[in-house]
Amino acid sequence: MPRIAVIGLGVRAATLVADLKRVDPTVEVAAVVDTAPEEAVRTKVAPILADLDASAAFFPSVDDLLAHGPSFDGTIVGAHCAFHTEIALALAPLGLPMLLEKPVAIDDQQLTDLAVGFAGPYDEVLVSFPLRVTPLFTAALDIVRSGRLGRINHVQAWNYVPYGGAYYTSWYRDYGLGGGLWLQKATHDFDVLNHLVGACATSVAATLTRSVYGGDKPVDLVCSRCPEAGVCPESPLQIRLRGDGGGMAWDDHLCAFSTEAADQDAGCAILTYPDGVIADYSQNFISRRSAGRRGAKVTGYLATLEFDWYTEMIKVVDHHRDQVDEIAVHAPTGHIGGDRQLVLRYLRMLEGGRAVDCNLADGLASAAVCLEARRSCQTRRFEDVPSLDTIRARSRPPAPAPTPTPTPTPTRTPSTSRRSCQPEFEARA
């Protein structure tokens with residue numbers, strides 16, 4: 001009977017626990033760490049996790065859990081993104097299997113601390129990258145790695161989000177909690193790009209725009225207190241009339257045109273890889289309905305492969321013969337089958353296995369690209385993406401400067417020779 005501790009039992013963590021229990025009904029939530037009262041937590045997750053173990057012990061902090069908690073076999077970290085690194089590091093000494101929500105870090109210091117704090121046992125941590133383990137992506141990656149496409153020179157990825165309103169009317173818009181939409185959304189797509197190419201990105205240039213959402217409305221403005229609610233396209237009334245919220249809540253919600261909604265509503269990035277491969281990525285958060293798309297295109301000398309999670313289709317176009325293959329890969333709901341694959345991997349870890357994919361090394365590599373993309377939007381230039389070794393090296397104190405050894409001042413004999421007067425030119429010759 002695997003016993004787990006859940007740190008931050010919100011909707012996402014509850015969904016993963018419910019999937020765990022469906023696969024293995026013996027899984028028991030032994031402990032919960034959450035800043036909300038027990039009753040509030042149970043009420044919030046009841047529609048997803050109706051059978052949350054009655055015996056689960058609740059703690060207000062990780063320190064309390066470690067000091068007084070029951071024994072458990074693994075942990076799930078589903079707290080707000082700003083605390084992922086801190087919590088993971090606090091749990092690291094336990095050496096227990098951990099399922100860590102993405103992004104694994106939201107700034108450079110967290111990235112360094114996490115890389116150093118685990119410094120090797122990255123396979124003790126399974127990062128929540130469900131898209132990469134979907135049956136659709138697994139099938140596409142198998143084709144890419146088979147060599148059928150020939151030498152690859154370009155990969156393109158896109159994410160046209162039909163539920164983007166959620167990022168401007170909920171906690172996601174709090175930059176301090178989420179770190180922005182490069183980390184919230186692109187961390188999945190950059191991880192996918194890294195694995196399609198089979199290497200980590202070496203540099204990235206990015207740009208963004210916020211031309212729709214955001215604005216000058218008060219931070220705490222909600223639709224029920226807004227004089228424009230009758231005509232605003234994002235008000236509950238207009239959402240009900242058109243039958244689509246685009247991620248906005250159908251009931252009263254924070255204004256998407258607030259000064260606090262500071263994230264981009266579209267962004268683009270160009271990535272470089274070893275061996276000359278280049279990639280480009282686009283994200284857009286104002287797409288609606290069937291305009292939603294998420295996938296990638298891989299172009300090689302022999303063929304082009306394209307896949308989309310929304311259509312659940314893979315298409316391979318041969319370049320040197322008249323052949324097009326279309327492959328349908330259907331999967332159950334829950335990130336298009338990715339959640340089920342995640343929990344299966346986590347259960348294997350609870351049984352003594354290791355995270356062979358979607359591990360902390362992958363999470364750190366993806367977060368590094370996200371952070372440099374975010375930085376590039378400010379510097380307007382290509383930014384180098386640090387390797388794991390470089391990230392770890394950031395924590396080392398600089399080597400002390402060598403103590404200079406006094407040397408006697410040489411006695412120079414006057415000379416008319418230009419060569420003897422300028423020894424630096426002689427050294428260059």
# chains A, B, ... in the order shown; residues from 1 in each chain; ligands from 1
call {"tool": "select_by_dssp", "arguments": {"residues": "range 26-239 of chain A", "states": "alpha helix (DSSP H)", "output": "VMD selection string"}}
result
chain A and resid 38 to 45 62 to 68 84 to 91 108 to 118 135 to 146 175 to 178 181 187 to 197 236 to 239
call {"tool": "closest_atom_pairs", "arguments": {"of": "range 133-237 of chain A", "to": "range 92-112 of chain A", "cutoff": "8 Å", "atoms": "only C-alpha atoms", "output": "tab-separated table"}}
result
residue	atom	partner	partner_atom	distance
A:Gly178	CA	A:Ile106	CA	7.2
A:Gly179	CA	A:Ile106	CA	5.3
A:Leu183	CA	A:Pro103	CA	6.0
A:Gln184	CA	A:Pro103	CA	6.5
A:Thr187	CA	A:Pro103	CA	6.6
call {"tool": "write_last_selection", "arguments": {"atoms": "all heavy atoms", "output": "mmCIF file, in the first residue's frame"}}
result
data_model
loop_
_atom_site.group_PDB
_atom_site.id
_atom_site.type_symbol
_atom_site.label_atom_id
_atom_site.label_comp_id
_atom_site.auth_asym_id
_atom_site.auth_seq_id
_atom_site.Cartn_x
_atom_site.Cartn_y
_atom_site.Cartn_z
ATOM 1 N N GLY A 178 3.677 32.739 -10.312
ATOM 2 C CA GLY A 178 3.818 31.874 -11.474
ATOM 3 C C GLY A 178 5.058 32.089 -12.311
ATOM 4 O O GLY A 178 5.476 31.198 -13.039
ATOM 5 N N GLY A 179 5.633 33.280 -12.249
ATOM 6 C CA GLY A 179 6.844 33.541 -13.014
ATOM 7 C C GLY A 179 6.614 33.909 -14.458
ATOM 8 O O GLY A 179 7.563 34.060 -15.222
ATOM 9 N N LEU A 183 7.302 30.418 -18.471
ATOM 10 C CA LEU A 183 7.486 29.293 -17.553
ATOM 11 C C LEU A 183 6.212 28.475 -17.410
ATOM 12 O O LEU A 183 6.270 27.242 -17.297
ATOM 13 C CB LEU A 183 7.943 29.806 -16.186
ATOM 14 C CG LEU A 183 9.401 30.270 -16.154
ATOM 15 C CD1 LEU A 183 9.622 31.290 -15.052
ATOM 16 C CD2 LEU A 183 10.337 29.095 -15.975
ATOM 17 N N GLN A 184 5.069 29.114 -17.396
ATOM 18 C CA GLN A 184 3.827 28.387 -17.192
ATOM 19 C C GLN A 184 3.483 27.481 -18.366
ATOM 20 O O GLN A 184 3.039 26.352 -18.177
ATOM 21 C CB GLN A 184 2.665 29.359 -16.942
ATOM 22 C CG GLN A 184 2.644 29.958 -15.568
ATOM 23 C CD GLN A 184 2.531 28.894 -14.489
ATOM 24 O OE1 GLN A 184 1.791 27.928 -14.623
ATOM 25 N NE2 GLN A 184 3.289 29.061 -13.426
ATOM 26 N N THR A 187 7.318 25.918 -20.909
ATOM 27 C CA THR A 187 8.181 24.881 -20.333
ATOM 28 C C THR A 187 7.851 23.507 -20.908
ATOM 29 O O THR A 187 8.731 22.685 -21.135
ATOM 30 C CB THR A 187 8.079 24.880 -18.794
ATOM 31 O OG1 THR A 187 9.060 23.994 -18.265
ATOM 32 C CG2 THR A 187 6.702 24.453 -18.299
#
call {"tool": "closest_residue", "arguments": {"among": "A:Glu124, A:Asp318, A:Glu86, A:Asp34", "to": "Leu149 in chain A", "atoms": "only C-alpha atoms"}}
result
A:Asp318
call {"tool": "residues_around", "arguments": {"residues": "Thr26 in chain A", "least_positions_apart": "2", "cutoff": "7 Å", "atoms": "only C-alpha atoms", "output": "ChimeraX atom specification"}}
result
/A:1-2,21,24,28
call {"tool": "residues_around", "arguments": {"residues": "range 379-394 of chain A", "least_positions_apart": "6", "cutoff": "8 Å", "atoms": "only C-alpha atoms", "output": "list in words"}}
result
Leu111, Thr112, Ala115, Val116, Ala119, Cys200, Ala201, Thr202, Ser203, Val204, Ala205, Ala206, Thr207, Ala361, Leu364, Ala365, Ala368, Val369, Glu372 and Ala373 of chain A
call {"tool": "write_last_selection", "arguments": {"atoms": "all heavy atoms", "output": "compact mmCIF listing (two decimals), in the first residue's frame"}}
result
# COMPACT_ATOMS: atom_id res chain seq x y z
N LEU A 111 16.77 28.06 -9.90
CA LEU A 111 17.31 27.07 -10.83
C LEU A 111 18.64 26.53 -10.32
O LEU A 111 18.88 25.32 -10.31
CB LEU A 111 17.48 27.71 -12.21
CG LEU A 111 17.75 26.76 -13.37
CD1 LEU A 111 16.49 25.98 -13.74
CD2 LEU A 111 18.26 27.53 -14.59
N THR A 112 19.51 27.44 -9.89
CA THR A 112 20.81 27.03 -9.37
C THR A 112 20.67 26.21 -8.09
O THR A 112 21.30 25.15 -7.94
CB THR A 112 21.68 28.27 -9.10
OG1 THR A 112 21.85 29.01 -10.31
CG2 THR A 112 23.04 27.87 -8.56
N ALA A 115 19.41 22.70 -8.92
CA ALA A 115 20.43 21.89 -9.59
C ALA A 115 21.49 21.41 -8.62
O ALA A 115 21.95 20.26 -8.68
CB ALA A 115 21.07 22.69 -10.73
N VAL A 116 21.91 22.29 -7.72
CA VAL A 116 22.94 21.94 -6.74
C VAL A 116 22.37 21.05 -5.65
O VAL A 116 23.02 20.11 -5.19
CB VAL A 116 23.56 23.22 -6.14
CG1 VAL A 116 24.51 22.88 -5.01
CG2 VAL A 116 24.28 24.02 -7.22
N ALA A 119 21.94 17.64 -7.42
CA ALA A 119 23.30 17.39 -7.91
C ALA A 119 23.60 15.93 -8.19
O ALA A 119 24.56 15.37 -7.71
CB ALA A 119 24.32 17.94 -6.92
N CYS A 200 19.85 19.68 -25.92
CA CYS A 200 19.37 20.86 -25.22
C CYS A 200 19.68 22.11 -26.03
O CYS A 200 20.75 22.21 -26.64
CB CYS A 200 20.01 20.96 -23.83
SG CYS A 200 19.52 19.64 -22.71
N ALA A 201 18.76 23.04 -26.03
CA ALA A 201 18.97 24.31 -26.73
C ALA A 201 20.20 25.01 -26.18
O ALA A 201 20.49 24.96 -24.98
CB ALA A 201 17.75 25.19 -26.60
N THR A 202 20.94 25.69 -27.07
CA THR A 202 22.14 26.39 -26.65
C THR A 202 21.93 27.90 -26.57
O THR A 202 22.67 28.58 -25.86
CB THR A 202 23.30 26.09 -27.61
OG1 THR A 202 22.89 26.40 -28.96
CG2 THR A 202 23.69 24.62 -27.53
N SER A 203 20.96 28.42 -27.29
CA SER A 203 20.65 29.85 -27.19
C SER A 203 19.21 30.08 -27.61
O SER A 203 18.60 29.25 -28.28
CB SER A 203 21.60 30.70 -28.05
OG SER A 203 21.36 30.49 -29.43
N VAL A 204 18.68 31.24 -27.20
CA VAL A 204 17.29 31.57 -27.51
C VAL A 204 17.14 33.07 -27.64
O VAL A 204 17.78 33.84 -26.91
CB VAL A 204 16.34 31.01 -26.43
CG1 VAL A 204 16.64 31.59 -25.06
CG2 VAL A 204 14.87 31.27 -26.79
N ALA A 205 16.32 33.48 -28.59
CA ALA A 205 15.90 34.87 -28.71
C ALA A 205 14.38 34.88 -28.71
O ALA A 205 13.75 34.04 -29.35
CB ALA A 205 16.43 35.49 -30.01
N ALA A 206 13.79 35.81 -27.97
CA ALA A 206 12.33 35.80 -27.84
C ALA A 206 11.78 37.21 -27.82
O ALA A 206 12.47 38.18 -27.51
CB ALA A 206 11.94 35.07 -26.55
N THR A 207 10.52 37.30 -28.17
CA THR A 207 9.80 38.56 -28.10
C THR A 207 8.36 38.27 -27.71
O THR A 207 7.91 37.12 -27.79
CB THR A 207 9.87 39.33 -29.43
OG1 THR A 207 9.33 40.64 -29.26
CG2 THR A 207 9.09 38.60 -30.52
N ALA A 361 16.48 16.59 -14.43
CA ALA A 361 17.40 17.14 -15.43
C ALA A 361 16.61 17.75 -16.59
O ALA A 361 16.95 18.83 -17.09
CB ALA A 361 18.35 16.06 -15.94
N LEU A 364 14.98 21.03 -15.33
CA LEU A 364 15.95 22.12 -15.23
C LEU A 364 16.33 22.65 -16.61
O LEU A 364 16.43 23.87 -16.81
CB LEU A 364 17.20 21.63 -14.50
CG LEU A 364 17.04 21.31 -13.01
CD1 LEU A 364 18.25 20.52 -12.51
CD2 LEU A 364 16.86 22.59 -12.19
N ALA A 365 16.51 21.74 -17.58
CA ALA A 365 16.89 22.16 -18.93
C ALA A 365 15.80 23.01 -19.55
O ALA A 365 16.07 24.04 -20.20
CB ALA A 365 17.18 20.94 -19.79
N ALA A 368 15.54 26.44 -17.85
CA ALA A 368 16.66 27.30 -18.26
C ALA A 368 16.34 28.03 -19.56
O ALA A 368 16.63 29.22 -19.71
CB ALA A 368 17.93 26.48 -18.41
N VAL A 369 15.73 27.32 -20.52
CA VAL A 369 15.34 27.97 -21.78
C VAL A 369 14.28 29.03 -21.51
O VAL A 369 14.33 30.14 -22.06
CB VAL A 369 14.83 26.94 -22.80
CG1 VAL A 369 14.54 27.63 -24.14
CG2 VAL A 369 15.81 25.81 -23.01
N GLU A 372 15.80 32.19 -20.03
CA GLU A 372 16.56 32.96 -21.01
C GLU A 372 15.64 33.60 -22.04
O GLU A 372 15.92 34.70 -22.54
CB GLU A 372 17.63 32.10 -21.67
CG GLU A 372 18.69 31.56 -20.73
CD GLU A 372 19.35 32.65 -19.89
OE1 GLU A 372 19.54 33.78 -20.40
OE2 GLU A 372 19.67 32.37 -18.71
N ALA A 373 14.54 32.93 -22.39
CA ALA A 373 13.55 33.54 -23.29
C ALA A 373 12.95 34.77 -22.63
O ALA A 373 12.77 35.82 -23.27
CB ALA A 373 12.47 32.52 -23.64
call {"tool": "atom_distance", "arguments": {"atom1": "CA of Ala79 in chain A", "atom2": "CA of Asp252 in chain A"}}
result
24.6 Å
call {"tool": "residues_around", "arguments": {"residues": "Glu351 in chain A", "least_positions_apart": "3", "cutoff": "12 Å", "atoms": "only C-alpha atoms", "output": "VMD selection string"}}
result
chain A and resid 1 to 3 27 73 to 74 96 to 97 344 to 348 354 to 355
call {"tool": "atom_distance", "arguments": {"atom1": "CA of Val144 in chain A", "atom2": "CA of Tyr301 in chain A"}}
result
12.0 Å
call {"tool": "residues_around", "arguments": {"residues": "Arg225 in chain A", "least_positions_apart": "4", "cutoff": "12 Å", "atoms": "only C-alpha atoms", "output": "list in words"}}
result
Lys217, Pro218, Asp220, Leu221, Ala229, Gly230, Ser235, Asp252, His253, Leu254 and Cys255 of chain A
call {"tool": "atom_distance", "arguments": {"atom1": "CA of Gln283 in chain A", "atom2": "CA of Trp309 in chain A"}}
result
14.7 Å
call {"tool": "select_by_dssp", "arguments": {"residues": "range 16-260 of chain A", "states": "strand (DSSP E)", "output": "PyMOL selection string"}}
result
chain A and resi 28-33+57-59+74-77+98-100+125-127+152-160+203-209
call {"tool": "write_last_selection", "arguments": {"atoms": "N, CA, C and O atoms", "output": "compact mmCIF listing (two decimals), in the first residue's frame"}}
result
# COMPACT_ATOMS: atom_id res chain seq x y z
N GLU A 28 -2.62 5.46 -0.80
CA GLU A 28 -3.23 6.18 0.31
C GLU A 28 -2.55 7.53 0.50
O GLU A 28 -1.32 7.62 0.49
N VAL A 29 -3.36 8.58 0.62
CA VAL A 29 -2.82 9.89 0.96
C VAL A 29 -2.64 9.91 2.48
O VAL A 29 -3.59 10.02 3.24
N ALA A 30 -1.39 9.79 2.90
CA ALA A 30 -1.11 9.73 4.33
C ALA A 30 -1.04 11.10 4.97
O ALA A 30 -1.35 11.26 6.15
N ALA A 31 -0.63 12.11 4.19
CA ALA A 31 -0.47 13.45 4.75
C ALA A 31 -0.69 14.50 3.68
O ALA A 31 -0.43 14.27 2.49
N VAL A 32 -1.17 15.64 4.11
CA VAL A 32 -1.40 16.78 3.23
C VAL A 32 -0.79 18.02 3.88
O VAL A 32 -1.00 18.26 5.08
N VAL A 33 -0.02 18.77 3.11
CA VAL A 33 0.48 20.06 3.57
C VAL A 33 -0.21 21.13 2.74
O VAL A 33 -0.13 21.11 1.50
N ALA A 57 -3.44 13.06 7.48
CA ALA A 57 -3.05 14.08 8.45
C ALA A 57 -2.75 15.38 7.71
O ALA A 57 -2.08 15.37 6.67
N PHE A 58 -3.23 16.50 8.25
CA PHE A 58 -3.03 17.80 7.63
C PHE A 58 -2.00 18.60 8.42
O PHE A 58 -2.02 18.60 9.66
N PHE A 59 -1.10 19.28 7.66
CA PHE A 59 -0.06 20.09 8.28
C PHE A 59 0.01 21.43 7.57
O PHE A 59 -0.20 21.52 6.36
N GLY A 74 6.38 8.39 -0.68
CA GLY A 74 6.66 9.31 -1.77
C GLY A 74 5.94 10.62 -1.56
O GLY A 74 5.09 10.74 -0.66
N THR A 75 6.28 11.60 -2.39
CA THR A 75 5.67 12.92 -2.25
C THR A 75 5.20 13.43 -3.60
O THR A 75 5.76 13.09 -4.66
N ILE A 76 4.16 14.26 -3.56
CA ILE A 76 3.67 14.99 -4.74
C ILE A 76 3.66 16.47 -4.37
O ILE A 76 3.06 16.86 -3.38
N VAL A 77 4.35 17.27 -5.18
CA VAL A 77 4.43 18.71 -4.91
C VAL A 77 3.56 19.44 -5.92
O VAL A 77 3.87 19.49 -7.11
N MET A 98 9.62 11.64 -5.84
CA MET A 98 8.89 12.90 -5.82
C MET A 98 8.28 13.16 -7.19
O MET A 98 8.96 13.01 -8.21
N LEU A 99 7.02 13.54 -7.21
CA LEU A 99 6.38 14.01 -8.44
C LEU A 99 6.24 15.52 -8.27
O LEU A 99 5.48 16.00 -7.44
N LEU A 100 7.02 16.26 -9.07
CA LEU A 100 7.13 17.71 -8.92
C LEU A 100 6.43 18.41 -10.07
O LEU A 100 6.73 18.15 -11.24
N VAL A 125 13.28 12.40 -9.00
CA VAL A 125 12.22 13.39 -9.19
C VAL A 125 11.59 13.19 -10.57
O VAL A 125 12.29 13.17 -11.59
N LEU A 126 10.27 13.04 -10.59
CA LEU A 126 9.51 12.96 -11.83
C LEU A 126 8.82 14.32 -12.02
O LEU A 126 8.01 14.73 -11.18
N VAL A 127 9.15 15.02 -13.10
CA VAL A 127 8.57 16.33 -13.36
C VAL A 127 7.28 16.16 -14.16
O VAL A 127 7.20 15.33 -15.06
N ILE A 152 17.80 16.29 -39.86
CA ILE A 152 16.84 17.32 -39.48
C ILE A 152 17.56 18.66 -39.40
O ILE A 152 18.66 18.77 -38.83
N ASN A 153 16.93 19.69 -39.95
CA ASN A 153 17.53 21.03 -39.86
C ASN A 153 16.60 22.05 -39.20
O ASN A 153 17.06 23.14 -38.84
N HIS A 154 15.32 21.70 -39.01
CA HIS A 154 14.39 22.70 -38.49
C HIS A 154 13.22 22.02 -37.78
O HIS A 154 12.70 21.01 -38.25
N VAL A 155 12.83 22.60 -36.64
CA VAL A 155 11.64 22.15 -35.91
C VAL A 155 10.82 23.38 -35.57
O VAL A 155 11.36 24.43 -35.19
N GLN A 156 9.53 23.26 -35.74
CA GLN A 156 8.61 24.36 -35.43
C GLN A 156 7.57 23.84 -34.46
O GLN A 156 7.05 22.73 -34.61
N ALA A 157 7.25 24.64 -33.44
CA ALA A 157 6.23 24.24 -32.46
C ALA A 157 5.29 25.41 -32.22
O ALA A 157 5.66 26.57 -32.40
N TRP A 158 4.08 25.09 -31.81
CA TRP A 158 3.08 26.13 -31.60
C TRP A 158 2.11 25.73 -30.49
O TRP A 158 1.89 24.55 -30.23
N ASN A 159 1.56 26.73 -29.87
CA ASN A 159 0.54 26.52 -28.85
C ASN A 159 -0.46 27.68 -28.93
O ASN A 159 -0.21 28.77 -28.41
N TYR A 160 -1.57 27.44 -29.61
CA TYR A 160 -2.66 28.40 -29.70
C TYR A 160 -3.70 27.98 -28.67
O TYR A 160 -4.45 27.03 -28.88
N SER A 203 20.96 28.42 -27.29
CA SER A 203 20.65 29.85 -27.19
C SER A 203 19.21 30.08 -27.61
O SER A 203 18.60 29.25 -28.28
N VAL A 204 18.68 31.24 -27.20
CA VAL A 204 17.29 31.57 -27.51
C VAL A 204 17.14 33.07 -27.64
O VAL A 204 17.78 33.84 -26.91
N ALA A 205 16.32 33.48 -28.59
CA ALA A 205 15.90 34.87 -28.71
C ALA A 205 14.38 34.88 -28.71
O ALA A 205 13.75 34.04 -29.35
N ALA A 206 13.79 35.81 -27.97
CA ALA A 206 12.33 35.80 -27.84
C ALA A 206 11.78 37.21 -27.82
O ALA A 206 12.47 38.18 -27.51
N THR A 207 10.52 37.30 -28.17
CA THR A 207 9.80 38.56 -28.10
C THR A 207 8.36 38.27 -27.71
O THR A 207 7.91 37.12 -27.79
N LEU A 208 7.65 39.29 -27.28
CA LEU A 208 6.26 39.10 -26.84
C LEU A 208 5.45 40.35 -27.09
O LEU A 208 5.99 41.42 -27.40
N THR A 209 4.15 40.20 -26.99
CA THR A 209 3.25 41.33 -27.07
C THR A 209 2.11 41.15 -26.07
O THR A 209 1.74 40.01 -25.75
call {"tool": "closest_residue", "arguments": {"among": "A:Gln378, A:Thr299, A:Ser258, A:Gln323", "to": "Gly150 in chain A", "atoms": "only C-alpha atoms"}}
result
A:Thr299
call {"tool": "closest_residue", "arguments": {"among": "A:Phe137, A:Leu271, A:Ala266, A:Ser224", "to": "Phe307 in chain A", "atoms": "only C-alpha atoms"}}
result
A:Phe137
call {"tool": "decode", "arguments": {"residues": "range 88-116 of chain A", "atoms": "N, CA and C atoms", "output": "PDB file, in the first residue's frame"}}
result
ATOM      1  N   ALA A  88      10.874  21.251  -2.840  1.00  0.00           N
ATOM      2  CA  ALA A  88      11.663  20.115  -3.323  1.00  0.00           C
ATOM      3  C   ALA A  88      12.961  19.983  -2.537  1.00  0.00           C
ATOM      4  N   LEU A  89      13.620  21.094  -2.253  1.00  0.00           N
ATOM      5  CA  LEU A  89      14.871  21.052  -1.501  1.00  0.00           C
ATOM      6  C   LEU A  89      14.648  20.606  -0.061  1.00  0.00           C
ATOM      7  N   ALA A  90      13.519  21.012   0.526  1.00  0.00           N
ATOM      8  CA  ALA A  90      13.218  20.587   1.897  1.00  0.00           C
ATOM      9  C   ALA A  90      12.971  19.084   1.968  1.00  0.00           C
ATOM     10  N   LEU A  91      12.412  18.517   0.901  1.00  0.00           N
ATOM     11  CA  LEU A  91      12.093  17.088   0.877  1.00  0.00           C
ATOM     12  C   LEU A  91      13.265  16.232   0.390  1.00  0.00           C
ATOM     13  N   ALA A  92      14.237  16.846  -0.251  1.00  0.00           N
ATOM     14  CA  ALA A  92      15.343  16.104  -0.864  1.00  0.00           C
ATOM     15  C   ALA A  92      16.057  15.154   0.095  1.00  0.00           C
ATOM     16  N   PRO A  93      16.338  15.568   1.363  1.00  0.00           N
ATOM     17  CA  PRO A  93      17.064  14.652   2.257  1.00  0.00           C
ATOM     18  C   PRO A  93      16.336  13.334   2.510  1.00  0.00           C
ATOM     19  N   LEU A  94      15.025  13.288   2.272  1.00  0.00           N
ATOM     20  CA  LEU A  94      14.293  12.041   2.481  1.00  0.00           C
ATOM     21  C   LEU A  94      14.676  10.977   1.452  1.00  0.00           C
ATOM     22  N   GLY A  95      15.099  11.418   0.277  1.00  0.00           N
ATOM     23  CA  GLY A  95      15.458  10.470  -0.776  1.00  0.00           C
ATOM     24  C   GLY A  95      14.278   9.670  -1.291  1.00  0.00           C
ATOM     25  N   LEU A  96      13.071  10.207  -1.177  1.00  0.00           N
ATOM     26  CA  LEU A  96      11.861   9.496  -1.604  1.00  0.00           C
ATOM     27  C   LEU A  96      11.446   9.922  -3.010  1.00  0.00           C
ATOM     28  N   PRO A  97      10.764   9.053  -3.743  1.00  0.00           N
ATOM     29  CA  PRO A  97      10.261   9.442  -5.060  1.00  0.00           C
ATOM     30  C   PRO A  97       9.380  10.682  -4.956  1.00  0.00           C
ATOM     31  N   MET A  98       9.620  11.635  -5.845  1.00  0.00           N
ATOM     32  CA  MET A  98       8.886  12.895  -5.820  1.00  0.00           C
ATOM     33  C   MET A  98       8.284  13.155  -7.191  1.00  0.00           C
ATOM     34  N   LEU A  99       7.019  13.540  -7.213  1.00  0.00           N
ATOM     35  CA  LEU A  99       6.376  14.015  -8.437  1.00  0.00           C
ATOM     36  C   LEU A  99       6.241  15.522  -8.272  1.00  0.00           C
ATOM     37  N   LEU A 100       7.019  16.263  -9.070  1.00  0.00           N
ATOM     38  CA  LEU A 100       7.129  17.709  -8.916  1.00  0.00           C
ATOM     39  C   LEU A 100       6.430  18.411 -10.069  1.00  0.00           C
ATOM     40  N   GLU A 101       5.495  19.299  -9.738  1.00  0.00           N
ATOM     41  CA  GLU A 101       4.817  20.053 -10.778  1.00  0.00           C
ATOM     42  C   GLU A 101       5.788  20.996 -11.468  1.00  0.00           C
ATOM     43  N   LYS A 102       5.469  21.328 -12.697  1.00  0.00           N
ATOM     44  CA  LYS A 102       6.261  22.295 -13.453  1.00  0.00           C
ATOM     45  C   LYS A 102       5.717  23.702 -13.188  1.00  0.00           C
ATOM     46  N   PRO A 103       6.499  24.744 -13.462  1.00  0.00           N
ATOM     47  CA  PRO A 103       7.936  24.734 -13.734  1.00  0.00           C
ATOM     48  C   PRO A 103       8.704  24.440 -12.449  1.00  0.00           C
ATOM     49  N   VAL A 104       9.854  23.840 -12.590  1.00  0.00           N
ATOM     50  CA  VAL A 104      10.585  23.420 -11.390  1.00  0.00           C
ATOM     51  C   VAL A 104      11.211  24.606 -10.670  1.00  0.00           C
ATOM     52  N   ALA A 105      11.399  25.729 -11.382  1.00  0.00           N
ATOM     53  CA  ALA A 105      11.977  26.939 -10.789  1.00  0.00           C
ATOM     54  C   ALA A 105      11.475  28.122 -11.591  1.00  0.00           C
ATOM     55  N   ILE A 106      11.407  29.314 -10.953  1.00  0.00           N
ATOM     56  CA  ILE A 106      10.896  30.473 -11.678  1.00  0.00           C
ATOM     57  C   ILE A 106      11.894  31.638 -11.722  1.00  0.00           C
ATOM     58  N   ASP A 107      13.103  31.422 -11.231  1.00  0.00           N
ATOM     59  CA  ASP A 107      14.139  32.445 -11.406  1.00  0.00           C
ATOM     60  C   ASP A 107      15.510  31.765 -11.388  1.00  0.00           C
ATOM     61  N   ASP A 108      16.542  32.540 -11.692  1.00  0.00           N
ATOM     62  CA  ASP A 108      17.892  31.976 -11.813  1.00  0.00           C
ATOM     63  C   ASP A 108      18.385  31.359 -10.514  1.00  0.00           C
ATOM     64  N   GLN A 109      18.118  32.025  -9.394  1.00  0.00           N
ATOM     65  CA  GLN A 109      18.602  31.516  -8.117  1.00  0.00           C
ATOM     66  C   GLN A 109      17.943  30.188  -7.778  1.00  0.00           C
ATOM     67  N   GLN A 110      16.649  30.090  -7.990  1.00  0.00           N
ATOM     68  CA  GLN A 110      15.969  28.821  -7.737  1.00  0.00           C
ATOM     69  C   GLN A 110      16.529  27.723  -8.631  1.00  0.00           C
ATOM     70  N   LEU A 111      16.765  28.061  -9.895  1.00  0.00           N
ATOM     71  CA  LEU A 111      17.305  27.066 -10.834  1.00  0.00           C
ATOM     72  C   LEU A 111      18.640  26.529 -10.320  1.00  0.00           C
ATOM     73  N   THR A 112      19.509  27.435  -9.885  1.00  0.00           N
ATOM     74  CA  THR A 112      20.812  27.028  -9.367  1.00  0.00           C
ATOM     75  C   THR A 112      20.673  26.210  -8.095  1.00  0.00           C
ATOM     76  N   ASP A 113      19.846  26.683  -7.170  1.00  0.00           N
ATOM     77  CA  ASP A 113      19.665  25.975  -5.903  1.00  0.00           C
ATOM     78  C   ASP A 113      19.151  24.557  -6.120  1.00  0.00           C
ATOM     79  N   LEU A 114      18.227  24.408  -7.044  1.00  0.00           N
ATOM     80  CA  LEU A 114      17.648  23.086  -7.298  1.00  0.00           C
ATOM     81  C   LEU A 114      18.673  22.165  -7.956  1.00  0.00           C
ATOM     82  N   ALA A 115      19.412  22.700  -8.915  1.00  0.00           N
ATOM     83  CA  ALA A 115      20.434  21.888  -9.592  1.00  0.00           C
ATOM     84  C   ALA A 115      21.494  21.407  -8.622  1.00  0.00           C
ATOM     85  N   VAL A 116      21.909  22.289  -7.717  1.00  0.00           N
ATOM     86  CA  VAL A 116      22.943  21.942  -6.743  1.00  0.00           C
ATOM     87  C   VAL A 116      22.373  21.055  -5.645  1.00  0.00           C
TER      88      VAL A 116
END
